[in-house]
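Undergrad: Below is final.txt; it holds compact mmCIF, C-alpha atoms.
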```
# COMPACT_ATOMS: atom_id res chain seq x y z
CA MET A 161 -13.58 26.33 -24.10
CA GLU A 162 -10.47 24.37 -23.12
CA ILE A 163 -10.20 22.98 -19.63
CA LEU A 164 -6.85 24.19 -18.31
CA PHE A 165 -6.43 21.56 -15.63
CA THR A 166 -7.40 17.93 -15.74
CA PRO A 167 -5.99 15.23 -13.44
CA TRP A 168 -4.74 13.11 -16.36
CA ARG A 169 -2.41 15.94 -17.39
CA TYR A 170 -0.55 15.43 -14.10
CA PRO A 171 0.16 11.71 -13.86
CA TYR A 172 2.53 12.04 -10.89
CA LEU A 173 0.20 13.14 -8.12
CA THR A 174 1.51 10.45 -5.81
CA SER A 175 5.08 9.22 -6.04
CA PRO A 176 7.90 10.86 -7.99
CA LYS A 177 9.11 8.90 -11.00
CA SER A 178 12.72 8.38 -12.00
CA GLU A 179 14.43 7.34 -15.20
CA GLN A 180 16.99 5.40 -13.14
CA PRO A 181 16.26 1.73 -12.41
CA GLN A 182 14.95 1.39 -8.86
CA ALA A 183 15.29 -1.53 -6.47
CA CYS A 184 12.00 -3.36 -5.96
CA ILE A 185 10.48 -1.86 -2.80
CA PHE A 186 8.75 -5.14 -1.94
CA CYS A 187 11.91 -7.23 -2.29
CA VAL A 188 13.77 -4.69 -0.15
CA ALA A 189 10.96 -4.83 2.43
CA ALA A 190 11.12 -8.63 2.48
CA ALA A 191 14.89 -8.68 3.05
CA THR A 192 15.73 -5.61 5.13
CA PRO A 193 16.94 -6.07 8.70
CA ASN A 194 15.24 -2.75 9.56
CA PRO A 195 11.50 -3.07 8.86
CA ARG A 196 10.80 0.50 10.02
CA GLU A 197 13.11 1.89 7.35
CA ALA A 198 11.12 0.01 4.70
CA LEU A 199 7.79 0.85 6.42
CA THR A 200 7.10 -2.88 6.80
CA VAL A 201 4.67 -3.64 9.63
CA TYR A 202 4.47 -7.40 8.99
CA ARG A 203 6.20 -10.10 7.02
CA ASN A 204 6.48 -13.85 6.97
CA GLU A 205 7.96 -16.29 4.46
CA ARG A 206 5.14 -15.76 1.93
CA ALA A 207 3.76 -12.22 2.22
CA LEU A 208 4.30 -8.80 3.75
CA VAL A 209 2.42 -5.64 4.67
CA MET A 210 3.92 -2.20 4.33
CA LEU A 211 2.76 1.38 4.55
CA ASN A 212 2.44 3.26 1.30
CA ARG A 213 5.10 6.00 1.32
CA TYR A 214 2.69 8.20 -0.69
CA PRO A 215 -0.66 7.40 0.96
CA TYR A 216 -4.08 8.44 -0.25
CA THR A 217 -5.40 8.37 3.33
CA ASN A 218 -4.14 7.52 6.81
CA GLY A 219 -3.46 3.81 7.08
CA HIS A 220 -3.00 3.20 3.33
CA LEU A 221 -1.31 -0.23 3.25
CA MET A 222 0.12 -2.48 0.56
CA VAL A 223 0.15 -6.27 0.78
CA ALA A 224 2.56 -8.16 -1.46
CA PRO A 225 3.88 -11.67 -1.88
CA VAL A 226 7.51 -12.16 -0.90
CA ALA A 227 8.11 -13.86 -4.26
CA HIS A 228 8.95 -11.32 -6.97
CA GLU A 229 6.10 -11.97 -9.42
CA ALA A 230 4.30 -9.68 -11.85
CA ARG A 231 0.94 -11.48 -12.13
CA LEU A 232 -1.41 -13.44 -9.92
CA PHE A 233 -1.25 -16.48 -12.17
CA ASP A 234 2.52 -16.66 -11.58
CA SER A 235 1.91 -17.33 -7.87
CA THR A 236 1.57 -20.60 -6.03
CA ASP A 237 -1.69 -21.44 -4.28
CA ASP A 238 0.08 -21.07 -0.91
CA SER A 239 1.26 -17.58 -1.85
CA LEU A 240 -2.22 -16.54 -3.02
CA ARG A 241 -3.83 -17.88 0.17
CA ALA A 242 -1.29 -15.99 2.28
CA LEU A 243 -1.91 -12.80 0.31
CA ILE A 244 -5.69 -12.91 0.81
CA ARG A 245 -5.48 -13.97 4.47
CA LEU A 246 -3.01 -11.15 5.19
CA THR A 247 -5.22 -8.67 3.32
CA ALA A 248 -8.17 -9.70 5.49
CA GLU A 249 -6.10 -9.36 8.67
CA ALA A 250 -4.79 -5.96 7.57
CA GLN A 251 -8.33 -4.75 6.86
CA ARG A 252 -9.44 -5.96 10.31
CA ILE A 253 -6.53 -4.16 11.98
CA LEU A 254 -7.24 -0.95 10.07
CA SER A 255 -10.90 -1.22 11.11
CA ASP A 256 -9.92 -1.62 14.77
CA VAL A 257 -7.39 1.23 14.74
CA TYR A 258 -8.88 3.84 12.40
CA HIS A 259 -12.61 2.99 12.29
CA PRO A 260 -13.03 3.88 8.59
CA GLU A 261 -16.46 4.04 7.00
CA GLY A 262 -15.31 1.94 4.04
CA PHE A 263 -12.32 0.61 2.10
CA ASN A 264 -10.90 0.57 -1.38
CA VAL A 265 -9.00 -2.67 -1.99
CA GLY A 266 -7.41 -3.18 -5.36
CA MET A 267 -4.55 -4.10 -7.64
CA ASN A 268 -3.00 -2.70 -10.81
CA PHE A 269 -1.05 -4.95 -13.16
CA GLY A 270 1.42 -3.33 -15.53
CA GLN A 271 2.53 0.27 -15.89
CA VAL A 272 -0.25 1.16 -18.34
CA ALA A 273 -2.79 -0.02 -15.76
CA GLY A 274 -1.33 2.28 -13.11
CA ALA A 275 1.06 -0.06 -11.32
CA GLY A 276 3.86 1.96 -9.75
CA VAL A 277 5.86 -1.24 -9.29
CA ALA A 278 4.89 -3.19 -12.39
CA ASP A 279 7.01 -6.31 -11.95
CA HIS A 280 6.04 -7.19 -8.34
CA TYR A 281 2.30 -7.26 -7.87
CA HIS A 282 0.74 -5.91 -4.71
CA LEU A 283 -2.63 -5.07 -3.29
CA HIS A 284 -3.64 -1.67 -1.90
CA ILE A 285 -5.89 -1.33 1.14
CA VAL A 286 -7.13 2.24 1.47
CA PRO A 287 -9.34 3.17 4.42
CA ARG A 288 -12.03 5.68 3.43
CA TRP A 289 -14.21 8.19 5.25
CA GLY A 290 -16.99 10.41 3.98
CA GLY A 291 -15.43 13.66 2.77
CA ASP A 292 -11.84 12.37 2.81
CA THR A 293 -11.07 13.96 -0.55
CA ASN A 294 -10.38 17.62 -1.03
CA PHE A 295 -9.42 20.17 -3.65
CA MET A 296 -5.70 20.14 -2.81
CA SER A 297 -4.90 17.03 -4.86
CA VAL A 298 -6.67 18.52 -7.87
CA THR A 299 -5.67 22.16 -7.79
CA ALA A 300 -2.26 22.08 -6.12
CA ARG A 301 -1.05 18.57 -6.99
CA THR A 302 -0.70 18.07 -3.23
CA ARG A 303 -2.13 15.31 -1.11
CA LEU A 304 -2.92 16.08 2.52
CA VAL A 305 -2.62 13.24 5.01
CA PRO A 306 -2.89 14.47 8.61
CA GLU A 307 -0.80 11.69 10.16
CA GLU A 308 2.95 11.25 9.66
CA LEU A 309 4.13 7.82 8.49
CA ASP A 310 6.10 7.23 11.70
CA ALA A 311 2.94 7.77 13.73
CA THR A 312 1.00 5.39 11.47
CA PHE A 313 3.78 2.79 11.75
CA ASP A 314 3.83 3.06 15.56
CA LYS A 315 0.05 2.84 15.72
CA LEU A 316 -0.24 -0.28 13.52
CA LEU A 317 2.89 -2.26 14.44
CA PRO A 318 1.65 -3.63 17.80
CA HIS A 319 -1.46 -4.98 16.10
CA PHE A 320 0.53 -6.74 13.39
CA GLU A 321 2.98 -8.13 15.97
CA LYS A 322 0.03 -9.97 17.54
CA LEU A 323 -0.56 -11.95 14.35
CA ARG A 324 0.64 -15.48 14.77
CA LYS A 325 3.39 -16.42 12.32
CA ASP A 326 1.72 -19.80 11.78
CA LEU A 327 -1.55 -18.12 10.75
CA PHE A 328 -0.34 -18.46 7.18
CA ALA A 329 1.17 -21.95 7.36
```
Can you dump the structure from the file as structure tokens?

TA:
Amino acid sequence: MEILFTPWRYPYLTSPKSEQPQACIFCVAAATPNPREALTVYRNERALVMLNRYPYTNGHLMVAPVAHEARLFDSTDDSLRALIRLTAEAQRILSDVYHPEGFNVGMNFGQVAGAGVADHYHLHIVPRWGGDTNFMSVTARTRLVPEELDATFDKLLPHFEKLRKDLFA
């Protein structure tokens, strides 16, 4: 008996793909004068935090270095320290705001490994709750996230604004 639906048959459950070259979302987020437009809740000279436009759960964040680099070993020690410190601060803020029961924190390097932006590495922080998955993503290729991105942005921004800029110096 053949299984008619398997998740790997539908590789685009999250963000739409395009054949056209796209601007690097992390470089745009690092340079834009309008952080809300780029969903960027925090940035300094070394790293930034932005909301995932196609979140798995409420509060799904991405942390990236400002430097456009594809691999960890391309980064300076200062950049790596900033990335981990900012990841820890983002996890703390998500804990305070959303009270998740757990987290997935991870990175994908290269398109074949699942990286949506293969040439600028980034780290995902995904808050998790018991029962936060449902049949919609499997049967209807639809992901349900009860909170709009603008609401998430407004909820998290004041917490990130409290971070001292010199925290990463």

Undergrad: Nearest to Arg245 of chain A among A:Pro225, A:Arg231, A:Tyr258, A:Phe186, with distances taken over all atoms listed in the file: which residue is it?

TA: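 For Arg245 of chain A, the nearest of the given residues is A:Pro225.
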
Undergrad: Extract, using only C-alpha atoms, all DNA, RNA and protein residues at most 7 Å from segment 206-211 of chain A, discarding same-chain residues fewer than 4 positions from it, and format them as an NGL selection string.

TA: :A and (190 or 199-202 or 220-226 or 239 or 242-243)

Undergrad: Quick check, in Å to one decimal: how far apart do atom CA of His319 of chain A and atom CA of Ile253 of chain A lie?

TA: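 So the answer is 6.6 Å.
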
Undergrad: Quick one: residues within 8 Å of Asn218 of chain A, all atoms listed in the file, excluding same-chain residues fewer than 6 positions away - as a ChimeraX atom specification?

TA: /A:287,305-307,312

Undergrad: So what do you get for atom CA of Asp256 of chain A versus atom CA of Arg203 of chain A, distance-wise?

TA: 19.8 Å

Undergrad: If I wrap all listed atoms of segment 250-263 of chain A in a box with edges along x, y and z and add 6 Å on each side, what are its centre and edge lengths in Å to one decimal, as lines of an AutoDock Vina configuration file?

TA:
```
center_x = -10.6
center_y = -1.0
center_z = 8.4
size_x = 23.7
size_y = 22.0
size_z = 24.7
```

Undergrad: Just to confirm, what's the straight-line distance from atom CA of Ala227 of chain A to atom CA of Asp314 of chain A in Å (one decimal)?

TA: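 Going from atom CA of Ala227 of chain A over to atom CA of Asp314 of chain A covers 26.4 Å.
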
Undergrad: Which residue is closest to Lys315 of chain A? Choose from A:Arg241, A:His280, A:Glu197, A:Val257 and count only C-alpha atoms.

TA: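 Checking each of A:Arg241, A:His280, A:Glu197, A:Val257 against Lys315 of chain A, counting only C-alpha atoms, the winner is A:Val257.
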
Undergrad: So, with all atoms listed in the file as the atoms that count, which of A:Glu229, A:Glu205, A:Asp238, A:Glu261 lies closest to Tyr281 of chain A?

TA: A:Glu229
